[in-house]
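> Just one file: data-v2.txt, with compact mmCIF, C-alpha atoms and all ligand atoms.
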# COMPACT_ATOMS: atom_id res chain seq x y z
CA MET U 158 9.54 119.66 65.58
CA SER U 159 8.34 116.28 66.79
CA THR U 160 9.96 113.89 69.23
CA SER U 161 9.66 110.12 69.03
CA THR U 162 8.12 107.63 71.41
CA GLN U 163 10.64 105.11 70.10
CA ILE U 164 13.72 104.85 72.34
CA ILE U 165 17.09 104.98 70.63
CA ASP U 166 19.19 101.80 70.66
CA LEU U 167 22.33 103.49 71.84
CA SER U 168 24.62 100.48 71.72
CA PHE U 169 23.63 99.92 68.08
CA VAL U 170 24.17 103.62 67.31
CA ARG U 171 27.58 103.67 68.98
CA SER U 172 28.62 100.46 67.23
CA GLN U 173 28.43 102.47 63.98
CA PHE U 174 31.25 104.79 65.10
CA PRO U 175 34.81 103.39 65.06
CA ALA U 176 35.94 106.16 67.46
CA PHE U 177 34.05 104.53 70.32
CA GLU U 178 36.23 101.42 69.91
CA GLN U 179 39.49 103.33 69.76
CA PRO U 180 41.80 102.53 72.71
CA SER U 181 43.29 106.05 72.63
CA LEU U 182 39.83 107.59 73.09
CA GLN U 183 38.64 105.32 75.89
CA GLY U 184 37.50 107.26 78.93
CA TRP U 185 37.25 110.51 77.01
CA ALA U 186 33.77 111.97 76.62
CA HIS U 187 33.28 113.96 73.41
CA PHE U 188 31.51 117.27 74.05
CA GLU U 189 32.98 119.26 71.16
CA ASN U 190 30.55 117.89 68.59
CA ALA U 191 29.53 121.36 67.41
CA GLY U 192 33.16 121.67 66.28
CA GLY U 193 33.19 118.29 64.55
CA SER U 194 31.44 114.98 65.09
CA TYR U 195 32.94 111.52 64.93
CA PRO U 196 32.48 110.03 61.46
CA CYS U 197 30.32 106.93 61.11
CA LYS U 198 31.90 103.72 59.84
CA GLN U 199 29.94 103.87 56.59
CA VAL U 200 31.77 107.10 55.75
CA VAL U 201 35.17 105.70 56.72
CA ASP U 202 34.51 102.56 54.65
CA ARG U 203 33.41 104.51 51.60
CA LEU U 204 36.45 106.75 51.78
CA THR U 205 38.77 103.75 51.93
CA ASP U 206 36.83 102.11 49.11
CA PHE U 207 37.10 105.18 46.88
CA TYR U 208 40.79 105.72 47.60
CA THR U 209 41.65 102.08 47.01
CA THR U 210 39.43 101.18 44.04
CA CYS U 211 38.61 104.27 41.97
CA LYS U 212 40.70 107.30 42.90
CA VAL U 213 40.98 108.44 39.29
CA GLN U 214 39.49 111.28 37.31
CA PRO U 215 35.73 110.56 37.29
CA TYR U 216 33.23 110.48 34.41
CA TYR U 217 35.39 108.86 31.72
CA ALA U 218 34.41 105.64 29.96
CA PHE U 219 36.64 103.17 31.79
CA PRO U 220 35.44 101.17 34.78
CA ALA U 221 37.30 102.86 37.65
CA SER U 222 36.36 106.30 36.34
CA GLU U 223 32.74 105.31 35.80
CA ARG U 224 32.55 103.95 39.32
CA ALA U 225 34.06 107.15 40.78
CA GLY U 226 31.46 109.22 38.93
CA GLU U 227 28.64 106.92 40.01
CA MET U 228 29.69 107.17 43.64
CA MET U 229 29.70 110.97 43.41
CA ASP U 230 26.35 111.09 41.63
CA GLU U 231 24.89 108.81 44.27
CA SER U 232 25.82 111.34 46.96
CA TYR U 233 24.11 114.22 45.15
CA ARG U 234 21.04 112.10 44.49
CA ARG U 235 20.66 110.61 47.94
CA MET U 236 21.47 113.81 49.81
CA ALA U 237 18.77 115.54 47.77
CA SER U 238 16.15 112.90 48.59
CA TYR U 239 16.96 113.03 52.29
CA LEU U 240 16.56 116.81 52.26
CA ASN U 241 13.44 116.55 50.06
CA VAL U 242 14.84 118.57 47.15
CA THR U 243 16.33 117.74 43.73
CA ALA U 244 19.91 116.66 43.01
CA ALA U 245 20.51 119.74 40.83
CA GLU U 246 19.87 121.88 43.92
CA ILE U 247 22.68 120.28 45.96
CA HIS U 248 26.22 121.72 45.91
CA PHE U 249 29.16 120.14 47.67
CA GLY U 250 31.89 122.68 48.38
CA PRO U 251 34.99 122.63 50.59
CA SER U 252 33.28 124.21 53.61
CA THR U 253 30.33 126.38 54.56
CA THR U 254 32.55 129.45 54.92
CA GLN U 255 33.80 128.98 51.39
CA ASN U 256 30.31 128.26 50.07
CA VAL U 257 29.03 131.57 51.48
CA TYR U 258 32.05 133.42 50.11
CA VAL U 259 31.31 132.16 46.62
CA LEU U 260 27.59 132.71 47.05
CA ALA U 261 28.09 136.37 47.99
CA HIS U 262 30.00 136.91 44.75
CA ALA U 263 27.43 135.00 42.73
CA MET U 264 24.47 136.91 44.18
CA ARG U 265 25.89 140.43 44.20
CA PRO U 266 25.05 141.02 40.50
CA MET U 267 21.39 140.25 41.30
CA TRP U 268 21.21 143.52 43.25
CA GLU U 269 21.56 147.22 42.52
CA GLU U 270 23.58 149.83 44.36
CA GLY U 271 21.57 151.00 47.40
CA ASP U 272 19.71 147.68 47.78
CA GLU U 273 19.65 146.28 51.31
CA ILE U 274 20.53 142.99 52.90
CA ILE U 275 19.80 142.04 56.52
CA VAL U 276 22.48 140.06 58.33
CA SER U 277 21.88 138.60 61.77
CA CYS U 278 24.33 139.17 64.62
CA GLN U 279 23.70 135.64 65.94
CA ASP U 280 25.67 134.05 63.11
CA HIS U 281 29.02 132.36 63.02
CA GLU U 282 31.28 134.57 60.88
CA ALA U 283 30.81 132.15 57.96
CA ASN U 284 27.36 133.58 57.25
CA ALA U 285 28.30 137.14 58.16
CA GLY U 286 31.67 138.39 56.89
CA ALA U 287 31.17 137.72 53.18
CA TRP U 288 27.79 139.48 53.23
CA ARG U 289 29.04 142.45 55.22
CA ARG U 290 31.90 142.99 52.80
CA LEU U 291 29.30 143.68 50.11
CA ALA U 292 28.82 147.07 51.79
CA LYS U 293 32.02 148.07 49.97
CA THR U 294 30.24 147.43 46.69
CA GLY U 295 27.33 149.79 47.38
CA LEU U 296 24.86 147.56 49.22
CA LYS U 297 23.38 148.68 52.51
CA VAL U 298 23.97 146.08 55.23
CA VAL U 299 21.37 146.12 58.02
CA GLU U 300 22.20 144.31 61.25
CA TRP U 301 19.68 142.18 63.13
CA HIS U 302 21.09 142.31 66.65
CA VAL U 303 20.55 139.73 69.38
CA ASP U 304 19.10 140.48 72.80
CA PRO U 305 22.14 141.35 74.96
CA GLU U 306 20.88 139.26 77.89
CA THR U 307 19.47 136.15 76.24
CA GLY U 308 21.34 136.12 72.93
CA LEU U 309 18.05 135.54 71.14
CA LEU U 310 16.92 137.00 67.84
CA ASP U 311 13.53 138.69 68.07
CA ILE U 312 11.26 138.47 65.03
CA GLU U 313 9.42 141.63 66.02
CA VAL U 314 12.72 143.46 65.76
CA LEU U 315 13.26 141.85 62.37
CA GLN U 316 9.87 143.07 61.16
CA GLY U 317 11.05 146.65 61.65
CA LEU U 318 14.24 146.08 59.64
CA PHE U 319 12.61 145.23 56.32
CA GLY U 320 12.32 148.01 53.80
CA ASP U 321 11.29 148.43 50.17
CA ARG U 322 14.78 147.58 49.03
CA THR U 323 15.48 144.55 51.25
CA ARG U 324 16.73 141.79 48.97
CA MET U 325 18.08 139.17 51.32
CA LEU U 326 18.12 138.00 54.93
CA ALA U 327 20.98 135.85 56.30
CA PHE U 328 20.46 134.11 59.66
CA PRO U 329 21.27 130.84 61.44
CA HIS U 330 18.99 127.90 62.08
CA CYS U 331 20.78 127.54 65.42
CA SER U 332 23.76 129.54 66.66
CA ASN U 333 26.84 127.55 67.66
CA VAL U 334 27.07 129.39 71.00
CA ILE U 335 23.50 130.43 71.84
CA GLY U 336 21.98 127.02 71.06
CA HIS U 337 18.47 128.32 70.40
CA ILE U 338 16.55 126.82 67.47
CA ASN U 339 15.21 129.73 65.44
CA PRO U 340 11.73 129.47 63.86
CA VAL U 341 13.18 129.23 60.36
CA LYS U 342 9.94 128.54 58.52
CA LYS U 343 8.21 131.54 60.06
CA ILE U 344 11.18 133.84 59.43
CA ALA U 345 11.39 132.66 55.82
CA GLN U 346 7.69 133.41 55.34
CA MET U 347 8.17 136.90 56.77
CA ALA U 348 11.13 137.55 54.49
CA HIS U 349 9.28 136.28 51.43
CA GLU U 350 6.30 138.53 52.19
CA GLN U 351 8.80 141.39 52.00
CA GLY U 352 10.29 140.09 48.76
CA ALA U 353 13.59 139.09 50.40
CA LEU U 354 15.52 135.86 49.84
CA THR U 355 16.61 133.76 52.81
CA VAL U 356 20.09 132.33 53.33
CA VAL U 357 20.19 130.03 56.31
CA ASP U 358 23.27 128.70 58.06
CA GLY U 359 22.15 125.25 59.19
CA VAL U 360 25.59 124.17 60.42
CA GLY U 361 24.61 124.34 64.09
CA TRP U 362 21.34 122.48 63.64
CA ALA U 363 21.96 119.80 60.97
CA PRO U 364 23.90 117.46 63.33
CA HIS U 365 20.66 117.15 65.32
CA GLY U 366 18.48 116.36 62.32
CA PHE U 367 18.62 117.05 58.61
CA PRO U 368 15.91 119.52 57.60
CA ASP U 369 13.03 118.92 55.21
CA LEU U 370 13.90 121.80 52.93
CA LYS U 371 10.62 121.78 51.08
CA GLU U 372 8.78 122.19 54.35
CA LEU U 373 11.19 124.82 55.66
CA GLY U 374 10.70 126.92 52.54
CA VAL U 375 14.07 128.72 52.56
CA ASP U 376 15.95 129.71 49.41
CA ILE U 377 19.45 128.67 50.44
CA TYR U 378 20.44 126.34 53.28
CA MET U 379 23.92 125.23 54.24
CA PHE U 380 25.61 122.82 56.61
CA SER U 381 28.99 121.21 57.12
CA SER U 382 29.11 117.43 56.81
CA TYR U 383 32.15 117.04 59.05
CA LYS U 384 29.73 117.91 61.86
CA THR U 385 27.07 115.49 60.63
CA TYR U 386 29.08 112.23 60.88
CA GLY U 387 30.53 112.64 57.40
CA PRO U 388 33.52 113.92 55.43
CA HIS U 389 34.89 117.47 55.53
CA LEU U 390 32.60 119.26 53.07
CA GLY U 391 30.12 122.12 52.98
CA VAL U 392 26.70 121.02 51.75
CA MET U 393 24.62 123.77 50.16
CA TYR U 394 21.08 123.75 48.84
CA VAL U 395 20.18 126.49 46.38
CA LYS U 396 16.64 126.67 45.06
CA GLN U 397 16.65 125.76 41.38
CA GLU U 398 15.05 128.96 40.11
CA LEU U 399 17.77 131.07 41.74
CA MET U 400 20.63 129.47 39.83
CA GLY U 401 19.67 131.21 36.60
CA LYS U 402 19.84 134.60 38.33
CA MET U 403 23.28 134.15 39.86
CA GLU U 404 26.60 134.88 38.23
CA ASN U 405 28.67 131.85 37.30
CA GLN U 406 31.72 131.69 39.60
CA SER U 407 33.44 128.86 37.74
CA HIS U 408 35.22 128.69 34.36
CA PHE U 409 33.40 130.54 31.56
CA PHE U 410 32.53 127.28 29.81
CA LYS U 411 30.77 126.08 32.99
CA GLU U 412 27.98 128.60 32.47
CA GLY U 413 24.74 126.69 32.96
CA VAL U 414 26.46 123.68 34.61
CA THR U 415 24.79 124.12 37.96
CA ARG U 416 27.02 121.64 39.78
CA SER U 417 30.09 123.73 38.93
CA MET U 418 28.88 127.32 38.96
CA LEU U 419 29.09 127.76 42.74
CA THR U 420 32.10 125.50 43.38
CA PRO U 421 34.95 127.11 41.44
CA ALA U 422 37.68 125.43 43.46
CA GLY U 423 36.81 122.01 42.08
CA PRO U 424 35.36 119.71 44.70
CA ASP U 425 37.13 116.89 46.50
CA HIS U 426 35.86 113.87 44.57
CA ALA U 427 36.62 111.31 47.26
CA GLN U 428 34.80 113.25 49.94
CA ILE U 429 31.78 113.81 47.75
CA ALA U 430 31.70 110.10 46.96
CA THR U 431 31.87 109.46 50.69
CA ALA U 432 29.00 111.78 51.61
CA ALA U 433 26.46 109.03 50.80
CA GLY U 434 27.94 107.14 53.77
CA MET U 435 26.06 109.49 56.11
CA LEU U 436 22.85 108.35 54.45
CA ASP U 437 23.88 104.68 54.66
CA TYR U 438 24.26 105.35 58.38
CA PHE U 439 20.87 107.07 58.67
CA ASP U 440 19.28 104.19 56.73
CA ALA U 441 20.85 101.67 59.11
CA ILE U 442 19.52 103.56 62.13
CA TYR U 443 16.11 103.87 60.53
CA GLU U 444 15.90 100.14 59.76
CA LYS U 445 16.95 99.26 63.29
CA HIS U 446 14.20 101.40 64.85
CA PHE U 447 11.30 101.53 62.41
CA PRO U 448 9.79 98.49 60.69
CA GLU U 449 7.94 100.43 57.97
CA GLU U 450 9.43 101.08 54.58
CA ALA U 451 9.55 104.79 53.83
CA ALA U 452 10.96 107.27 51.35
CA PRO U 453 14.21 108.99 52.40
CA ALA U 454 12.54 112.28 53.43
CA GLU U 455 10.08 110.34 55.61
CA ARG U 456 12.89 108.28 57.13
CA ASN U 457 14.55 111.59 57.90
CA HIS U 458 11.43 112.83 59.71
CA ALA U 459 11.35 109.70 61.86
CA LEU U 460 15.06 109.96 62.64
CA ASN U 461 14.66 113.61 63.62
CA GLY U 462 12.10 112.63 66.25
CA LEU U 463 14.26 109.75 67.49
CA PHE U 464 17.38 111.91 67.81
CA ARG U 465 15.52 114.83 69.37
CA ALA U 466 13.87 112.68 72.05
CA HIS U 467 17.22 111.24 73.10
CA GLU U 468 18.99 114.58 73.06
CA LEU U 469 16.28 116.20 75.18
CA HIS U 470 16.46 113.31 77.61
CA LEU U 471 20.17 114.07 78.09
CA LEU U 472 19.83 117.84 78.00
CA GLN U 473 17.41 118.01 80.92
CA PRO U 474 19.82 116.86 83.67
CA LEU U 475 22.60 119.03 82.29
CA LEU U 476 20.45 122.17 82.23
CA ASP U 477 19.00 121.32 85.66
CA PHE U 478 22.51 121.05 87.04
CA LEU U 479 23.68 124.30 85.44
CA LYS U 480 20.59 126.14 86.66
CA SER U 481 21.22 124.91 90.19
CA ARG U 482 24.63 126.64 90.25
CA THR U 483 25.03 130.27 91.20
CA ASP U 484 28.65 130.24 90.04
CA ILE U 485 27.84 129.66 86.36
CA ARG U 486 26.20 131.79 83.72
CA VAL U 487 24.59 129.90 80.86
CA VAL U 488 24.95 131.81 77.61
CA GLY U 489 21.63 131.60 75.80
CA PRO U 490 18.31 130.25 77.08
CA VAL U 491 18.18 127.91 80.09
CA SER U 492 14.80 126.40 79.24
CA MET U 493 14.41 123.21 77.21
CA GLU U 494 12.10 124.86 74.73
CA ASP U 495 13.65 125.08 71.30
CA ARG U 496 17.02 124.40 72.87
CA ALA U 497 19.70 122.47 71.00
CA PRO U 498 22.31 120.55 72.97
CA ILE U 499 24.91 123.27 72.42
CA VAL U 500 25.46 124.87 75.80
CA ALA U 501 28.02 127.61 76.39
CA ILE U 502 28.88 128.71 79.93
CA LEU U 503 30.83 131.35 81.78
CA PRO U 504 32.18 130.47 85.23
CA LEU U 505 31.54 133.41 87.56
CA ARG U 506 33.85 132.70 90.47
CA LYS U 507 36.84 130.88 89.04
CA PRO U 508 39.02 131.91 86.08
CA ILE U 509 37.62 130.36 82.92
CA LYS U 510 40.95 128.97 81.73
CA GLU U 511 41.46 127.23 85.06
CA VAL U 512 37.98 125.73 84.84
CA TYR U 513 38.63 124.60 81.28
CA ALA U 514 41.96 122.99 82.20
CA SER U 515 40.30 121.10 85.03
CA LEU U 516 37.50 119.87 82.77
CA THR U 517 39.93 118.45 80.22
CA HIS U 518 41.79 116.88 83.14
CA ASN U 519 38.52 115.07 83.82
CA GLN U 520 38.72 113.55 80.32
CA LEU U 521 36.12 115.86 78.88
CA MET U 522 36.70 116.97 75.30
CA LEU U 523 35.38 120.52 75.18
CA GLY U 524 36.08 123.80 73.44
CA ILE U 525 36.92 127.25 74.77
CA GLY U 526 36.97 130.55 72.89
CA ASP U 527 34.66 132.49 70.60
CA PHE U 528 34.02 129.65 68.12
CA TYR U 529 34.02 132.34 65.40
CA ALA U 530 30.66 133.46 66.78
CA VAL U 531 32.27 136.78 67.56
CA ARG U 532 29.29 138.97 66.72
CA PRO U 533 26.79 137.40 69.13
CA LEU U 534 29.44 137.59 71.84
CA ILE U 535 30.04 141.28 71.05
CA ASP U 536 26.28 141.95 71.26
CA MET U 537 26.21 140.20 74.64
CA GLY U 538 29.27 142.03 75.94
CA ILE U 539 31.30 138.81 76.33
CA PRO U 540 34.98 139.18 75.43
CA SER U 541 36.11 136.87 72.62
CA ASP U 542 39.26 136.15 74.54
CA PRO U 543 38.99 134.03 76.62
CA GLY U 544 35.42 133.57 75.35
CA VAL U 545 33.15 130.83 76.66
CA ILE U 546 33.36 127.12 77.44
CA ARG U 547 31.10 125.13 75.13
CA MET U 548 29.56 121.70 75.70
CA SER U 549 27.83 120.18 72.72
CA PHE U 550 26.52 116.70 72.20
CA VAL U 551 24.50 114.67 69.70
CA HIS U 552 22.35 111.54 69.51
CA TYR U 553 25.27 109.14 70.03
CA THR U 554 26.07 110.67 73.41
CA SER U 555 25.31 108.41 76.38
CA PRO U 556 23.79 109.14 79.81
CA GLU U 557 27.11 107.99 81.29
CA GLU U 558 28.94 110.69 79.37
CA ILE U 559 26.48 113.30 80.62
CA ALA U 560 27.10 112.04 84.17
CA GLN U 561 30.86 112.32 83.55
CA LEU U 562 30.34 115.91 82.39
CA ILE U 563 28.24 116.87 85.39
CA ASN U 564 30.70 115.19 87.78
CA GLY U 565 33.59 116.95 86.09
CA LEU U 566 31.84 120.30 86.42
CA GLN U 567 30.99 119.60 90.04
CA ARG U 568 34.55 118.60 90.94
CA THR U 569 35.93 121.63 89.10
CA LEU U 570 33.61 124.22 90.58
CA ASN U 571 33.42 123.01 94.18
C1 LIG X 601 27.15 127.66 63.08
C2 LIG X 601 28.35 127.51 62.17
N1 LIG X 601 28.28 128.05 60.96
C3 LIG X 601 29.30 127.94 60.09
C4 LIG X 601 30.46 127.29 60.43
C5 LIG X 601 31.57 127.22 59.44
O1 LIG X 601 31.61 125.98 58.82
P1 LIG X 601 32.84 125.57 57.94
O2 LIG X 601 33.93 125.16 58.87
O3 LIG X 601 32.33 124.41 57.10
O4 LIG X 601 33.22 126.71 57.10
C6 LIG X 601 30.58 126.72 61.69
C7 LIG X 601 31.81 126.03 62.09
O5 LIG X 601 32.10 125.82 63.22
C8 LIG X 601 29.49 126.83 62.58
O6 LIG X 601 29.53 126.31 63.81
Output the file's structure in the form of structure tokens.

Amino acid sequence: MSTSTQIIDLSFVRSQFPAFEQPSLQGWAHFENAGGSYPCKQVVDRLTDFYTTCKVQPYYAFPASERAGEMMDESYRRMASYLNVTAAEIHFGPSTTQNVYVLAHAMRPMWEEGDEIIVSCQDHEANAGAWRRLAKTGLKVVEWHVDPETGLLDIEVLQGLFGDRTRMLAFPHCSNVIGHINPVKKIAQMAHEQGALTVVDGVGWAPHGFPDLKELGVDIYMFSSYKTYGPHLGVMYVKQELMGKMENQSHFFKEGVTRSMLTPAGPDHAQIATAAGMLDYFDAIYEKHFPEEAAPAERNHALNGLFRAHELHLLQPLLDFLKSRTDIRVVGPVSMEDRAPIVAILPLRKPIKEVYASLTHNQLMLGIGDFYAVRPLIDMGIPSDPGVIRMSFVHYTSPEEIAQLINGLQRTLN
């Protein structure tokens, strides 16, 4: 993963988010981004546009319907080019949890009784529960546990879990409580050498940079666009050649219609139409920072470096501060290496709920609990209730907000 020498124009970035102008949010620093990011104005504008000009059944031959269909198609097309895949490989569903639920049903017929799937214990329950329930249908579910101290997944441990009948491996790109960026490409290569498919939960990572899916080489990759500055949807990539092997989960007459087969609920047209707004936003940021014309996947590469450099710049003082305290345990790694700006902590000397209340009193928007990452917490011996306090930020976060966070922590703990 590269970082950029270009410095982010933060005032331009923040001018793209209406929330930063909102009087009711003034003074509040948003550190619950891993739960949901602010939407960019391009998304808000598209949603209003769709709802006011073409909120009709799409794909009929009258102008409003044609426009609705075109807006939806544009989202499939442009999302695919940003992720460096084809439009037929993109599926917009209601959420990642629901996408995995459907996927588990669609993939089960690909496997025989006694076949094995490996499921990581670093995952949010979205990429865990639906797979584990397949044990009731005769599959063997093998758990890839995390290190109880660090919360990390060890690929040497994984190597020992593969067997002749391993068919699939489910794991996260980055856990929403551990914050470590897993070496997805390497893990996917290992799985493929063993003949296993890879299903990657990218929800924790995608807010920090959309992946180049061709380069990553995974079979299925998912993220949630309400955490990537967009509407409330689950975005799922499924490698083309897999679609023919899965069981259609939609109406019988949708057999072969790839856009429908994995989204039986019927997608939210307006939100799909709006998804292209995220890419309008990325294009605007790209044009502001890079003079060269480039294809979407290349723009994405450049933006990844730009975002990563800024996020690391902000992460350093926060981690330095946390490391300097003996009254805090950081859950997950404390080094900057492969660290996403998702930092969960446990106060050691004061009750966690008291600490949390004081932090919100300091106008810090944070989360507390298990964040549905119950399995990694179990592996680490951390009770789900009250769980951990989580601080997560993204590229629109400012140094002033980081200072507000550190001051708030200092005032609370001292
Ligand atoms: C890492 C991770 N995976 C999956 C999910 C579930 O996403 P969704 O709400 O779209 O089902 C979340 C939500 O918080 C998450 O953080």
> Using only C-alpha atoms, determine which residues lie at most 12 Å from Pro540 of chain U, disregarding the query and same-chain residues fewer than 2 positions distant; provide the list as a count of residues only.
17
> Just want the 12 Å neighbourhood of Ala245 of chain U, counted on only C-alpha atoms, with same-chain residues fewer than 2 positions away dropped. Output as JSON, numbers by chain.
{"U": [230, 232, 233, 234, 235, 236, 237, 238, 242, 243, 247, 248, 249, 393, 394, 395, 396, 397, 398, 399, 400, 413, 414, 415, 416, 417, 418, 419]}
> Please identify the residues whose atoms come within 10 Å of ligand LIG 601 (chain X), using only C-alpha atoms and all ligand atoms, and report them as an mmCIF file with C-alpha atoms, in the frame of the given file.

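This went into out.cif:
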data_model
loop_
_atom_site.group_PDB
_atom_site.id
_atom_site.type_symbol
_atom_site.label_atom_id
_atom_site.label_comp_id
_atom_site.auth_asym_id
_atom_site.auth_seq_id
_atom_site.Cartn_x
_atom_site.Cartn_y
_atom_site.Cartn_z
ATOM 1 C CA ASN U 190 30.550 117.890 68.590
ATOM 2 C CA ALA U 191 29.530 121.360 67.410
ATOM 3 C CA GLY U 192 33.160 121.670 66.280
ATOM 4 C CA GLY U 193 33.190 118.290 64.550
ATOM 5 C CA GLY U 250 31.890 122.680 48.380
ATOM 6 C CA PRO U 251 34.990 122.630 50.590
ATOM 7 C CA SER U 252 33.280 124.210 53.610
ATOM 8 C CA THR U 253 30.330 126.380 54.560
ATOM 9 C CA THR U 254 32.550 129.450 54.920
ATOM 10 C CA GLN U 255 33.800 128.980 51.390
ATOM 11 C CA ASN U 256 30.310 128.260 50.070
ATOM 12 C CA VAL U 257 29.030 131.570 51.480
ATOM 13 C CA TYR U 258 32.050 133.420 50.110
ATOM 14 C CA GLN U 279 23.700 135.640 65.940
ATOM 15 C CA ASP U 280 25.670 134.050 63.110
ATOM 16 C CA HIS U 281 29.020 132.360 63.020
ATOM 17 C CA GLU U 282 31.280 134.570 60.880
ATOM 18 C CA ALA U 283 30.810 132.150 57.960
ATOM 19 C CA ASN U 284 27.360 133.580 57.250
ATOM 20 C CA ALA U 285 28.300 137.140 58.160
ATOM 21 C CA PHE U 328 20.460 134.110 59.660
ATOM 22 C CA PRO U 329 21.270 130.840 61.440
ATOM 23 C CA HIS U 330 18.990 127.900 62.080
ATOM 24 C CA CYS U 331 20.780 127.540 65.420
ATOM 25 C CA SER U 332 23.760 129.540 66.660
ATOM 26 C CA ASN U 333 26.840 127.550 67.660
ATOM 27 C CA VAL U 334 27.070 129.390 71.000
ATOM 28 C CA ILE U 335 23.500 130.430 71.840
ATOM 29 C CA GLY U 336 21.980 127.020 71.060
ATOM 30 C CA VAL U 357 20.190 130.030 56.310
ATOM 31 C CA ASP U 358 23.270 128.700 58.060
ATOM 32 C CA GLY U 359 22.150 125.250 59.190
ATOM 33 C CA VAL U 360 25.590 124.170 60.420
ATOM 34 C CA GLY U 361 24.610 124.340 64.090
ATOM 35 C CA TRP U 362 21.340 122.480 63.640
ATOM 36 C CA ALA U 363 21.960 119.800 60.970
ATOM 37 C CA MET U 379 23.920 125.230 54.240
ATOM 38 C CA PHE U 380 25.610 122.820 56.610
ATOM 39 C CA SER U 381 28.990 121.210 57.120
ATOM 40 C CA SER U 382 29.110 117.430 56.810
ATOM 41 C CA TYR U 383 32.150 117.040 59.050
ATOM 42 C CA LYS U 384 29.730 117.910 61.860
ATOM 43 C CA HIS U 389 34.890 117.470 55.530
ATOM 44 C CA LEU U 390 32.600 119.260 53.070
ATOM 45 C CA GLY U 391 30.120 122.120 52.980
ATOM 46 C CA VAL U 392 26.700 121.020 51.750
ATOM 47 C CA PHE U 528 34.020 129.650 68.120
ATOM 48 C CA TYR U 529 34.020 132.340 65.400
ATOM 49 C CA ALA U 530 30.660 133.460 66.780
#
> Using all atoms listed in the file, which of U:Glu178, U:Asp166, U:Asp369, U:Glu273 sits nearest Glu444 of chain U?
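Going through U:Glu178, U:Asp166, U:Asp369, U:Glu273 one by one, the smallest distance to Glu444 of chain U is for U:Asp166.
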> Need the neighbours of (35.9, 111.7, 77.5): which residues are at most 6 Å away, counting all atoms listed in the file, as a list in words?
Gly184, Trp185, Ala186, His187, Gln520, Leu521 and Met522 of chain U
> Just C-alpha atoms for this one: save the residues we selected as a PDB file, keeping the file's coordinate frame.

ATOM      1  CA  GLY U 184      37.500 107.260  78.930  1.00  0.00           C
ATOM      2  CA  TRP U 185      37.250 110.510  77.010  1.00  0.00           C
ATOM      3  CA  ALA U 186      33.770 111.970  76.620  1.00  0.00           C
ATOM      4  CA  HIS U 187      33.280 113.960  73.410  1.00  0.00           C
ATOM      5  CA  GLN U 520      38.720 113.550  80.320  1.00  0.00           C
ATOM      6  CA  LEU U 521      36.120 115.860  78.880  1.00  0.00           C
ATOM      7  CA  MET U 522      36.700 116.970  75.300  1.00  0.00           C
TER       8      MET U 522
END
> In Å, how far is it from atom CA of Ala292 of chain U to atom CA of Lys343 of chain U?
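It comes out at 27.1 Å.
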> Taking into account all atoms listed in the file, which residue in the set U:Ala441, U:Leu436, U:Val500, U:Leu260 is nearest to Ala454 of chain U?
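Nearest candidate to Ala454 of chain U out of U:Ala441, U:Leu436, U:Val500, U:Leu260: U:Leu436.
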> Under the rule that all atoms listed in the file are counted, which of U:Trp288, U:Arg465, U:Leu326, U:Met264 is the nearest residue to Met403 of chain U?
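Between U:Trp288, U:Arg465, U:Leu326, U:Met264, the residue approaching Met403 of chain U most closely is U:Met264.
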> Of the candidates U:Gly489, U:Pro498, U:Gly295, U:Gly317, which one gets nearest to Glu270 of chain U if we count all atoms listed in the file?
U:Gly295
> Point out the residue among U:Gln346, U:Val491, U:Ala427, U:Phe188 with the least atom-to-atom distance to Ile559 of chain U, counting only C-alpha atoms.
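The closest residue to Ile559 of chain U is U:Phe188.
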> Using atom CA of Leu167 of chain U and atom CA of Arg568 of chain U as the two end points, give the distance in Å to one decimal.
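Separation between atom CA of Leu167 of chain U and atom CA of Arg568 of chain U: 27.2 Å.
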> I'd like to know which of U:Asp440, U:Glu557, U:Glu350, U:Glu494 is closest to Ile338 of chain U, using only C-alpha atoms.
U:Glu494
> Would you list the contacts of segment 510-517 of chain U as a list in words, taking every protein, DNA or RNA residue within 9 Å and counting all atoms listed in the file, but skipping same-chain residues closer than 5 positions in sequence?
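Near neighbours after the sequence-gap exclusion: Trp185, Pro504, Met522, Leu523, Gly524, Ile525, Pro543, Ile546, Leu562, Gly565, Leu566, Arg568, Thr569 and Leu570 of chain U.
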> Neighbouring residues of Leu476 of chain U were defined as those with any atom within 10 Å, considering only C-alpha atoms; residues of the same chain fewer than 5 positions away were excluded. Please report them as a PyMOL selection string.
chain U and resi 471+481+487+490-493+498+500+563
> Keeping only C-alpha atoms, write the selected residues as a PDB file, in the frame of the given file.

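Ended up saving to part.pdb:
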ATOM      1  CA  LEU U 471      20.170 114.070  78.090  1.00  0.00           C
ATOM      2  CA  SER U 481      21.220 124.910  90.190  1.00  0.00           C
ATOM      3  CA  VAL U 487      24.590 129.900  80.860  1.00  0.00           C
ATOM      4  CA  PRO U 490      18.310 130.250  77.080  1.00  0.00           C
ATOM      5  CA  VAL U 491      18.180 127.910  80.090  1.00  0.00           C
ATOM      6  CA  SER U 492      14.800 126.400  79.240  1.00  0.00           C
ATOM      7  CA  MET U 493      14.410 123.210  77.210  1.00  0.00           C
ATOM      8  CA  PRO U 498      22.310 120.550  72.970  1.00  0.00           C
ATOM      9  CA  VAL U 500      25.460 124.870  75.800  1.00  0.00           C
ATOM     10  CA  ILE U 563      28.240 116.870  85.390  1.00  0.00           C
TER      11      ILE U 563
END
> If you take every atom of segment 276-280 of chain U that the file lists and fit an axis-aligned box around them with 6 Å extra on each side, what centre and edge lengths come out in Å to one decimal, as JSON?

{"center_x": 23.8, "center_y": 137.1, "center_z": 62.1, "size_x": 15.8, "size_y": 18.0, "size_z": 19.6}
